[in-house]
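Engineer: Let me begin by handing over the structure; questions about it come next.
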Amino acid sequence: MIKIIETRASKIRLRVRAWGGGATGGAGTLGGGGTLGGGGIAGAGGIAGAGGGGSTTGAGGGGSTSGPITVKTTDVVVVGLNASVTATVTGSDNASELGICWAQTKAPTIMSSKRTVEQRMGLTGFSLLAGSLEQCTKYFVRAYAISKSGVVTYGNELTFITPGLINDCVATYVVVRRDSTGYKIYSTEYNPGLNEGAALEKAKNSGPGDWQMLLVSRAKGYGAMFCLSQENVHPPAYFTSEGKATSSEAIVDARNQAIAGLQGANPPRSYFICGTWVNH
């Protein structure tokens with residue numbers, strides 16, 4: 001008798017797994033907490049789990065394809081200037097669009113770069129490729145879903161940094177104000193994945209002014225900048241030196257350029273050191 005009971009239970013268990021996607025069954029209880037009613041034979045967890053909606057992954061595991069839409073960005077794998085982004089989703093049968101979106105700033109939206117899934121029905125997860133990316137750049141990416149009523153749901157945000165293909169990702173960005181002697185120096189050593197556009201935007205967000213990119217230094221070694229200006233006279237002149245073996249060498253070189261720039265200046269101007277950096 002015990003063997004017969006075990007065999008019948010085993011057959012029932014196998015039958016439930018085979019239904020996988022959720023065929024509707026009549027109300028009824030298998031005992032031990034498993035319910036077959038309510039919308040699908042193969043609910044999450046099979047016999048031991050509650051009935052509920054069926055999963056495209058079969059009995060045990062996987063999200064429901066019906067019900068409320070949720071998305072989660074789970075992983076990013078970077079290969080060259082492409083990134084494979086993986087996400088999970090529930091309620092995919094109620095979505096009119098599924099995909100990923102990415103940008104060089106936080107909280108990317110569907111107005112940013114995006115890629116969509118071709119076949120939505122029955123999905124509990126997907127992977128898409130974010131391509132045509134810039135080298136040595138930090139990106140923000142997240143999965144999203146649009147319901148059939150037009151409501152956009154975003155998943156959590158992940159970040160990744162693309163590698164350098166032509167050169168490495170060490171860089172210093174020197175951003176200056178043309179309407180004063182203000183300046184900003186940003187290094188990728190302290191801002192990983194920062195690129196030229198993001199550095200300029202970072203300077204503009206620091207305060208008003210005519211901010212412009214003066215120098216993108218990728219030379220290994222020390223750099224320095226001298227400013228040559230006169231009160232109420234704009235724009236100032238900037239003199240830079242990069243790729244030197246020591247900080248002192250870079251400072252002396254930039255200063256000599258500033259002194260040469262003073263010759264014949266009318267009206268007279270003054271010069272001063274206004275920044276140093278190092279690219280390791």
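A note on labels: chains of the structure tokens are A, B, ... as shown, every chain counts residues from 1, and ligands are counted from 1 in their shown order.
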Within 12 Å of Glu201 (chain A), counting only C-alpha atoms, which residues show up once you throw out same-chain ones fewer than 2 positions away? Write them as a VMD selection string, please.
Structural biologist: chain A and resid 104 to 105 173 175 184 186 194 to 199 203 to 213
Engineer: Residues of region 37-251 of chain A in alpha helix (DSSP H) according to DSSP, as an MDAnalysis selection string?
Structural biologist: chainID A and resid 196:206 247:251
Engineer: Those same residues - N, CA and C atoms - I'd like them written as a PDB file, in the first residue's frame.
Structural biologist:
```pdb
ATOM      1  N   GLU A 196      34.406  63.402 -21.578  1.00  0.00           N
ATOM      2  CA  GLU A 196      34.521  64.836 -21.819  1.00  0.00           C
ATOM      3  C   GLU A 196      33.180  65.553 -21.625  1.00  0.00           C
ATOM      4  N   GLY A 197      32.129  64.994 -22.202  1.00  0.00           N
ATOM      5  CA  GLY A 197      30.826  65.626 -22.087  1.00  0.00           C
ATOM      6  C   GLY A 197      30.339  65.704 -20.648  1.00  0.00           C
ATOM      7  N   ALA A 198      30.536  64.617 -19.895  1.00  0.00           N
ATOM      8  CA  ALA A 198      30.100  64.588 -18.501  1.00  0.00           C
ATOM      9  C   ALA A 198      30.913  65.548 -17.644  1.00  0.00           C
ATOM     10  N   ALA A 199      32.216  65.696 -17.941  1.00  0.00           N
ATOM     11  CA  ALA A 199      33.054  66.627 -17.190  1.00  0.00           C
ATOM     12  C   ALA A 199      32.602  68.066 -17.412  1.00  0.00           C
ATOM     13  N   LEU A 200      32.281  68.405 -18.652  1.00  0.00           N
ATOM     14  CA  LEU A 200      31.808  69.759 -18.949  1.00  0.00           C
ATOM     15  C   LEU A 200      30.479  70.023 -18.261  1.00  0.00           C
ATOM     16  N   GLU A 201      29.603  69.040 -18.273  1.00  0.00           N
ATOM     17  CA  GLU A 201      28.308  69.194 -17.615  1.00  0.00           C
ATOM     18  C   GLU A 201      28.473  69.336 -16.106  1.00  0.00           C
ATOM     19  N   LYS A 202      29.418  68.618 -15.554  1.00  0.00           N
ATOM     20  CA  LYS A 202      29.706  68.685 -14.118  1.00  0.00           C
ATOM     21  C   LYS A 202      30.160  70.091 -13.733  1.00  0.00           C
ATOM     22  N   ALA A 203      31.001  70.704 -14.574  1.00  0.00           N
ATOM     23  CA  ALA A 203      31.470  72.071 -14.309  1.00  0.00           C
ATOM     24  C   ALA A 203      30.310  73.065 -14.396  1.00  0.00           C
ATOM     25  N   LYS A 204      29.465  72.908 -15.395  1.00  0.00           N
ATOM     26  CA  LYS A 204      28.321  73.818 -15.569  1.00  0.00           C
ATOM     27  C   LYS A 204      27.370  73.735 -14.385  1.00  0.00           C
ATOM     28  N   ASN A 205      27.227  72.542 -13.838  1.00  0.00           N
ATOM     29  CA  ASN A 205      26.341  72.366 -12.686  1.00  0.00           C
ATOM     30  C   ASN A 205      26.928  72.935 -11.402  1.00  0.00           C
ATOM     31  N   SER A 206      28.240  73.207 -11.408  1.00  0.00           N
ATOM     32  CA  SER A 206      28.885  73.739 -10.209  1.00  0.00           C
ATOM     33  C   SER A 206      28.594  75.224 -10.006  1.00  0.00           C
ATOM     34  N   SER A 247      56.005  66.934 -10.565  1.00  0.00           N
ATOM     35  CA  SER A 247      55.101  68.075 -10.480  1.00  0.00           C
ATOM     36  C   SER A 247      55.863  69.376 -10.688  1.00  0.00           C
ATOM     37  N   SER A 248      57.060  69.454 -10.134  1.00  0.00           N
ATOM     38  CA  SER A 248      57.876  70.668 -10.268  1.00  0.00           C
ATOM     39  C   SER A 248      58.205  70.952 -11.727  1.00  0.00           C
ATOM     40  N   GLU A 249      58.519  69.906 -12.478  1.00  0.00           N
ATOM     41  CA  GLU A 249      58.842  70.079 -13.889  1.00  0.00           C
ATOM     42  C   GLU A 249      57.641  70.616 -14.666  1.00  0.00           C
ATOM     43  N   ALA A 250      56.469  70.117 -14.359  1.00  0.00           N
ATOM     44  CA  ALA A 250      55.262  70.589 -15.031  1.00  0.00           C
ATOM     45  C   ALA A 250      54.973  72.045 -14.678  1.00  0.00           C
ATOM     46  N   ILE A 251      55.151  72.397 -13.407  1.00  0.00           N
ATOM     47  CA  ILE A 251      54.885  73.773 -12.962  1.00  0.00           C
ATOM     48  C   ILE A 251      55.850  74.755 -13.625  1.00  0.00           C
TER      49      ILE A 251
END
```
Engineer: Given the choices A:Thr70, A:Thr137, A:Ser180, A:Ser92, which gets closest to Thr159 (chain A) if the distance is worked out from only C-alpha atoms?
Structural biologist: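 That would be A:Thr137, the residue with the smallest distance to Thr159 (chain A).
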Engineer: Return as a short mmCIF file (atom, residue, chain, number, x, y, z; two decimals) with N, CA, C and O atoms, in the first residue's frame the full set of residues in region 94-248 of chain A whose backbone-based DSSP assignment is strand (DSSP E).
Structural biologist:
```cif
data_model
loop_
_atom_site.label_atom_id
_atom_site.label_comp_id
_atom_site.auth_asym_id
_atom_site.auth_seq_id
_atom_site.Cartn_x
_atom_site.Cartn_y
_atom_site.Cartn_z
N ALA A 95 1.92 43.64 -20.86
CA ALA A 95 2.81 44.72 -21.31
C ALA A 95 2.69 44.91 -22.82
O ALA A 95 2.55 43.95 -23.58
N SER A 96 2.76 46.16 -23.23
CA SER A 96 2.80 46.48 -24.67
C SER A 96 4.23 46.64 -25.15
O SER A 96 4.49 46.61 -26.35
N GLU A 97 5.18 46.81 -24.21
CA GLU A 97 6.59 46.95 -24.58
C GLU A 97 7.46 46.59 -23.40
O GLU A 97 7.18 46.97 -22.25
N LEU A 98 8.53 45.85 -23.66
CA LEU A 98 9.54 45.49 -22.66
C LEU A 98 10.91 45.82 -23.24
O LEU A 98 11.14 45.65 -24.43
N GLY A 99 11.82 46.29 -22.38
CA GLY A 99 13.15 46.58 -22.88
C GLY A 99 14.08 47.12 -21.83
O GLY A 99 13.83 47.01 -20.62
N ILE A 100 15.17 47.69 -22.30
CA ILE A 100 16.16 48.33 -21.43
C ILE A 100 16.43 49.73 -21.97
O ILE A 100 16.27 50.00 -23.16
N CYS A 101 16.81 50.64 -21.10
CA CYS A 101 17.22 51.98 -21.52
C CYS A 101 18.50 52.35 -20.78
O CYS A 101 18.73 51.91 -19.66
N TRP A 102 19.33 53.16 -21.43
CA TRP A 102 20.62 53.51 -20.81
C TRP A 102 21.02 54.92 -21.20
O TRP A 102 20.56 55.48 -22.19
N ALA A 103 21.90 55.51 -20.37
CA ALA A 103 22.37 56.87 -20.60
C ALA A 103 23.65 57.08 -19.79
O ALA A 103 24.03 56.24 -18.97
N SER A 113 18.61 56.27 -24.90
CA SER A 113 18.84 55.12 -25.77
C SER A 113 18.11 53.91 -25.20
O SER A 113 18.09 53.70 -23.98
N LYS A 114 17.52 53.09 -26.07
CA LYS A 114 16.80 51.93 -25.57
C LYS A 114 16.81 50.81 -26.60
O LYS A 114 17.12 51.01 -27.77
N ARG A 115 16.47 49.62 -26.13
CA ARG A 115 16.29 48.46 -27.00
C ARG A 115 15.13 47.64 -26.45
O ARG A 115 15.00 47.48 -25.23
N THR A 116 14.30 47.11 -27.34
CA THR A 116 13.09 46.43 -26.90
C THR A 116 13.10 44.95 -27.24
O THR A 116 13.83 44.50 -28.12
N GLY A 125 11.79 36.57 -18.18
CA GLY A 125 13.12 37.16 -18.16
C GLY A 125 13.62 37.37 -19.57
O GLY A 125 13.12 36.74 -20.51
N PHE A 126 14.59 38.28 -19.73
CA PHE A 126 15.14 38.54 -21.06
C PHE A 126 16.53 39.17 -20.93
O PHE A 126 16.90 39.71 -19.88
N SER A 127 17.28 39.11 -22.02
CA SER A 127 18.59 39.76 -22.13
C SER A 127 18.62 40.56 -23.42
O SER A 127 18.20 40.09 -24.47
N LEU A 128 19.14 41.79 -23.32
CA LEU A 128 19.24 42.66 -24.48
C LEU A 128 20.62 43.31 -24.51
O LEU A 128 21.28 43.46 -23.47
N LEU A 129 21.03 43.73 -25.69
CA LEU A 129 22.35 44.30 -25.88
C LEU A 129 22.27 45.82 -25.99
O LEU A 129 21.55 46.35 -26.84
N ALA A 130 23.00 46.51 -25.13
CA ALA A 130 23.19 47.96 -25.27
C ALA A 130 24.45 48.16 -26.09
O ALA A 130 25.54 47.77 -25.67
N LYS A 138 31.22 55.84 -18.13
CA LYS A 138 30.30 55.24 -17.17
C LYS A 138 28.88 55.38 -17.68
O LYS A 138 28.45 56.45 -18.10
N TYR A 139 28.13 54.27 -17.64
CA TYR A 139 26.74 54.26 -18.09
C TYR A 139 25.81 53.80 -16.97
O TYR A 139 26.21 53.03 -16.09
N PHE A 140 24.57 54.26 -17.06
CA PHE A 140 23.51 53.84 -16.16
C PHE A 140 22.45 53.13 -17.00
O PHE A 140 22.09 53.61 -18.08
N VAL A 141 21.97 51.99 -16.52
CA VAL A 141 21.01 51.20 -17.30
C VAL A 141 19.94 50.62 -16.39
O VAL A 141 20.21 50.33 -15.21
N ARG A 142 18.73 50.47 -16.92
CA ARG A 142 17.67 49.80 -16.17
C ARG A 142 16.64 49.23 -17.14
O ARG A 142 16.46 49.74 -18.26
N ALA A 143 15.99 48.17 -16.70
CA ALA A 143 14.93 47.56 -17.49
C ALA A 143 13.65 48.36 -17.30
O ALA A 143 13.49 49.09 -16.33
N TYR A 144 12.75 48.22 -18.26
CA TYR A 144 11.47 48.92 -18.15
C TYR A 144 10.37 48.10 -18.82
O TYR A 144 10.62 47.18 -19.61
N ALA A 145 9.13 48.45 -18.50
CA ALA A 145 7.96 47.84 -19.12
C ALA A 145 6.90 48.92 -19.29
O ALA A 145 6.76 49.80 -18.45
N ILE A 146 6.19 48.86 -20.39
CA ILE A 146 5.06 49.76 -20.63
C ILE A 146 3.80 48.91 -20.68
O ILE A 146 3.71 47.94 -21.45
N SER A 147 2.82 49.25 -19.84
CA SER A 147 1.57 48.49 -19.81
C SER A 147 0.73 48.83 -21.04
O SER A 147 1.00 49.80 -21.76
N VAL A 152 4.43 53.48 -17.65
CA VAL A 152 5.82 53.02 -17.72
C VAL A 152 6.30 52.61 -16.33
O VAL A 152 6.18 53.38 -15.37
N THR A 153 6.83 51.41 -16.22
CA THR A 153 7.41 50.91 -14.97
C THR A 153 8.89 50.66 -15.18
O THR A 153 9.28 49.97 -16.13
N TYR A 154 9.73 51.25 -14.31
CA TYR A 154 11.18 51.07 -14.42
C TYR A 154 11.68 50.13 -13.34
O TYR A 154 11.18 50.13 -12.21
N GLY A 155 12.68 49.35 -13.68
CA GLY A 155 13.34 48.51 -12.71
C GLY A 155 14.46 49.26 -12.01
O GLY A 155 14.64 50.47 -12.20
N ASN A 156 15.20 48.55 -11.19
CA ASN A 156 16.34 49.16 -10.50
C ASN A 156 17.44 49.52 -11.49
O ASN A 156 17.50 49.03 -12.60
N GLU A 157 18.32 50.40 -11.05
CA GLU A 157 19.39 50.91 -11.92
C GLU A 157 20.72 50.23 -11.61
O GLU A 157 21.08 50.06 -10.44
N LEU A 158 21.45 49.85 -12.66
CA LEU A 158 22.80 49.32 -12.53
C LEU A 158 23.75 50.22 -13.31
O LEU A 158 23.33 50.96 -14.20
N THR A 159 25.03 50.17 -12.98
CA THR A 159 26.03 50.97 -13.69
C THR A 159 27.14 50.06 -14.22
O THR A 159 27.38 48.97 -13.71
N PHE A 160 27.80 50.53 -15.27
CA PHE A 160 28.95 49.82 -15.80
C PHE A 160 29.86 50.83 -16.51
O PHE A 160 29.44 51.93 -16.86
N ILE A 161 31.11 50.46 -16.70
CA ILE A 161 32.10 51.32 -17.34
C ILE A 161 32.70 50.58 -18.53
O ILE A 161 33.14 49.43 -18.40
N THR A 172 42.51 63.41 -17.53
CA THR A 172 42.21 64.59 -16.70
C THR A 172 41.55 65.62 -17.60
O THR A 172 42.04 65.91 -18.69
N TYR A 173 40.41 66.15 -17.14
CA TYR A 173 39.67 67.14 -17.91
C TYR A 173 39.83 68.49 -17.22
O TYR A 173 39.48 68.65 -16.05
N VAL A 174 40.34 69.47 -17.98
CA VAL A 174 40.54 70.82 -17.45
C VAL A 174 39.46 71.70 -18.08
O VAL A 174 39.46 71.96 -19.29
N VAL A 175 38.53 72.16 -17.25
CA VAL A 175 37.41 72.98 -17.71
C VAL A 175 37.59 74.39 -17.12
O VAL A 175 37.83 74.53 -15.92
N VAL A 176 37.48 75.41 -17.95
CA VAL A 176 37.74 76.78 -17.49
C VAL A 176 36.55 77.68 -17.84
O VAL A 176 35.75 77.39 -18.73
N ARG A 177 36.48 78.80 -17.12
CA ARG A 177 35.49 79.83 -17.43
C ARG A 177 36.15 80.91 -18.26
O ARG A 177 37.20 81.45 -17.90
N TYR A 183 38.00 77.74 -12.76
CA TYR A 183 38.40 76.51 -13.45
C TYR A 183 38.01 75.30 -12.61
O TYR A 183 37.80 75.40 -11.40
N LYS A 184 37.92 74.17 -13.27
CA LYS A 184 37.67 72.89 -12.62
C LYS A 184 38.58 71.85 -13.25
O LYS A 184 38.76 71.84 -14.48
N ILE A 185 39.16 71.00 -12.44
CA ILE A 185 40.00 69.91 -12.93
C ILE A 185 39.42 68.59 -12.40
O ILE A 185 39.31 68.40 -11.20
N TYR A 186 39.03 67.71 -13.33
CA TYR A 186 38.44 66.44 -12.96
C TYR A 186 39.31 65.30 -13.48
O TYR A 186 39.68 65.28 -14.66
N SER A 187 39.60 64.35 -12.61
CA SER A 187 40.41 63.20 -12.99
C SER A 187 39.58 61.93 -12.94
O SER A 187 38.74 61.76 -12.05
N TRP A 211 31.50 78.19 -19.26
CA TRP A 211 32.39 77.05 -19.09
C TRP A 211 32.74 76.42 -20.43
O TRP A 211 31.87 76.19 -21.26
N GLN A 212 34.03 76.15 -20.63
CA GLN A 212 34.51 75.51 -21.85
C GLN A 212 35.61 74.52 -21.51
O GLN A 212 36.38 74.72 -20.56
N MET A 213 35.70 73.46 -22.33
CA MET A 213 36.76 72.47 -22.14
C MET A 213 38.06 73.02 -22.69
O MET A 213 38.15 73.38 -23.86
N LEU A 214 39.07 73.13 -21.84
CA LEU A 214 40.38 73.64 -22.26
C LEU A 214 41.30 72.52 -22.70
O LEU A 214 41.98 72.61 -23.72
N LEU A 215 41.32 71.43 -21.94
CA LEU A 215 42.30 70.37 -22.20
C LEU A 215 41.77 69.02 -21.73
O LEU A 215 41.20 68.91 -20.65
N VAL A 216 41.96 68.01 -22.57
CA VAL A 216 41.76 66.62 -22.17
C VAL A 216 43.14 65.98 -22.18
O VAL A 216 43.71 65.72 -23.23
N SER A 217 43.68 65.76 -20.99
CA SER A 217 45.04 65.25 -20.87
C SER A 217 45.03 63.75 -20.60
O SER A 217 44.51 63.30 -19.57
N GLY A 221 51.78 61.02 -16.32
CA GLY A 221 52.70 61.92 -15.64
C GLY A 221 51.98 63.12 -15.05
O GLY A 221 50.76 63.14 -14.91
N TYR A 222 52.76 64.16 -14.72
CA TYR A 222 52.25 65.33 -14.03
C TYR A 222 51.90 66.45 -15.00
O TYR A 222 52.52 66.59 -16.06
N GLY A 223 50.90 67.23 -14.60
CA GLY A 223 50.50 68.38 -15.40
C GLY A 223 50.28 69.60 -14.52
O GLY A 223 50.09 69.48 -13.30
N ALA A 224 50.30 70.77 -15.13
CA ALA A 224 50.09 72.01 -14.39
C ALA A 224 49.50 73.05 -15.33
O ALA A 224 49.64 72.96 -16.56
N MET A 225 48.82 74.03 -14.74
CA MET A 225 48.22 75.11 -15.52
C MET A 225 48.46 76.45 -14.84
O MET A 225 48.30 76.58 -13.62
N PHE A 226 48.89 77.45 -15.63
CA PHE A 226 49.03 78.82 -15.16
C PHE A 226 47.98 79.68 -15.83
O PHE A 226 47.65 79.48 -17.01
N CYS A 227 47.46 80.64 -15.09
CA CYS A 227 46.47 81.58 -15.61
C CYS A 227 47.15 82.95 -15.77
O CYS A 227 47.89 83.39 -14.90
N LEU A 228 46.87 83.58 -16.88
CA LEU A 228 47.41 84.91 -17.18
C LEU A 228 46.23 85.85 -17.33
O LEU A 228 45.41 85.70 -18.23
N SER A 229 46.12 86.81 -16.42
CA SER A 229 44.93 87.65 -16.43
C SER A 229 45.20 89.04 -15.87
O SER A 229 46.26 89.31 -15.29
N GLN A 230 44.22 89.91 -16.08
CA GLN A 230 44.22 91.22 -15.47
C GLN A 230 42.80 91.48 -14.97
O GLN A 230 41.83 91.06 -15.60
N VAL A 233 39.57 92.20 -17.08
CA VAL A 233 39.92 91.99 -18.49
C VAL A 233 39.72 90.50 -18.80
O VAL A 233 40.33 89.65 -18.17
N HIS A 234 38.87 90.23 -19.79
CA HIS A 234 38.57 88.85 -20.15
C HIS A 234 38.64 88.70 -21.66
O HIS A 234 38.45 89.66 -22.39
N PRO A 235 38.89 87.53 -22.19
CA PRO A 235 39.07 86.29 -21.42
C PRO A 235 40.50 86.16 -20.92
O PRO A 235 41.42 86.72 -21.50
N PRO A 236 40.71 85.39 -19.86
CA PRO A 236 42.07 85.13 -19.41
C PRO A 236 42.77 84.16 -20.36
O PRO A 236 42.13 83.51 -21.19
N ALA A 237 44.08 84.09 -20.25
CA ALA A 237 44.86 83.14 -21.04
C ALA A 237 45.32 82.02 -20.12
O ALA A 237 45.64 82.26 -18.94
N TYR A 238 45.35 80.80 -20.66
CA TYR A 238 45.75 79.64 -19.87
C TYR A 238 46.93 78.96 -20.55
O TYR A 238 46.97 78.84 -21.77
N PHE A 239 47.87 78.50 -19.73
CA PHE A 239 49.06 77.82 -20.24
C PHE A 239 49.21 76.50 -19.50
O PHE A 239 49.24 76.48 -18.26
N THR A 240 49.28 75.42 -20.24
CA THR A 240 49.30 74.09 -19.62
C THR A 240 50.55 73.32 -20.01
O THR A 240 51.15 73.53 -21.06
N SER A 241 50.91 72.40 -19.13
CA SER A 241 52.00 71.46 -19.38
C SER A 241 51.55 70.10 -18.89
O SER A 241 50.87 70.00 -17.86
N GLU A 242 51.88 69.04 -19.62
CA GLU A 242 51.41 67.71 -19.23
C GLU A 242 52.47 66.65 -19.53
O GLU A 242 53.42 66.88 -20.29
N GLY A 243 52.31 65.50 -18.91
CA GLY A 243 53.18 64.36 -19.16
C GLY A 243 54.59 64.51 -18.64
O GLY A 243 55.52 63.89 -19.16
N LYS A 244 54.77 65.28 -17.58
CA LYS A 244 56.11 65.50 -17.02
C LYS A 244 56.41 64.46 -15.94
O LYS A 244 55.51 63.88 -15.33
#
```
Engineer: Could you name the residues that touch Leu81 (chain A) at 9 Å or less, counting only C-alpha atoms, but leaving out those on the same chain fewer than 2 positions away, as a ChimeraX atom specification?
Structural biologist: /A:78-79,83,130-135,162-165
Engineer: What is the CA of Ala245 (chain A)-CA of Lys220 (chain A) distance in Å, reported with one decimal?
Structural biologist: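 Atom-to-atom, CA of Ala245 (chain A) and CA of Lys220 (chain A) are spaced 8.7 Å apart.
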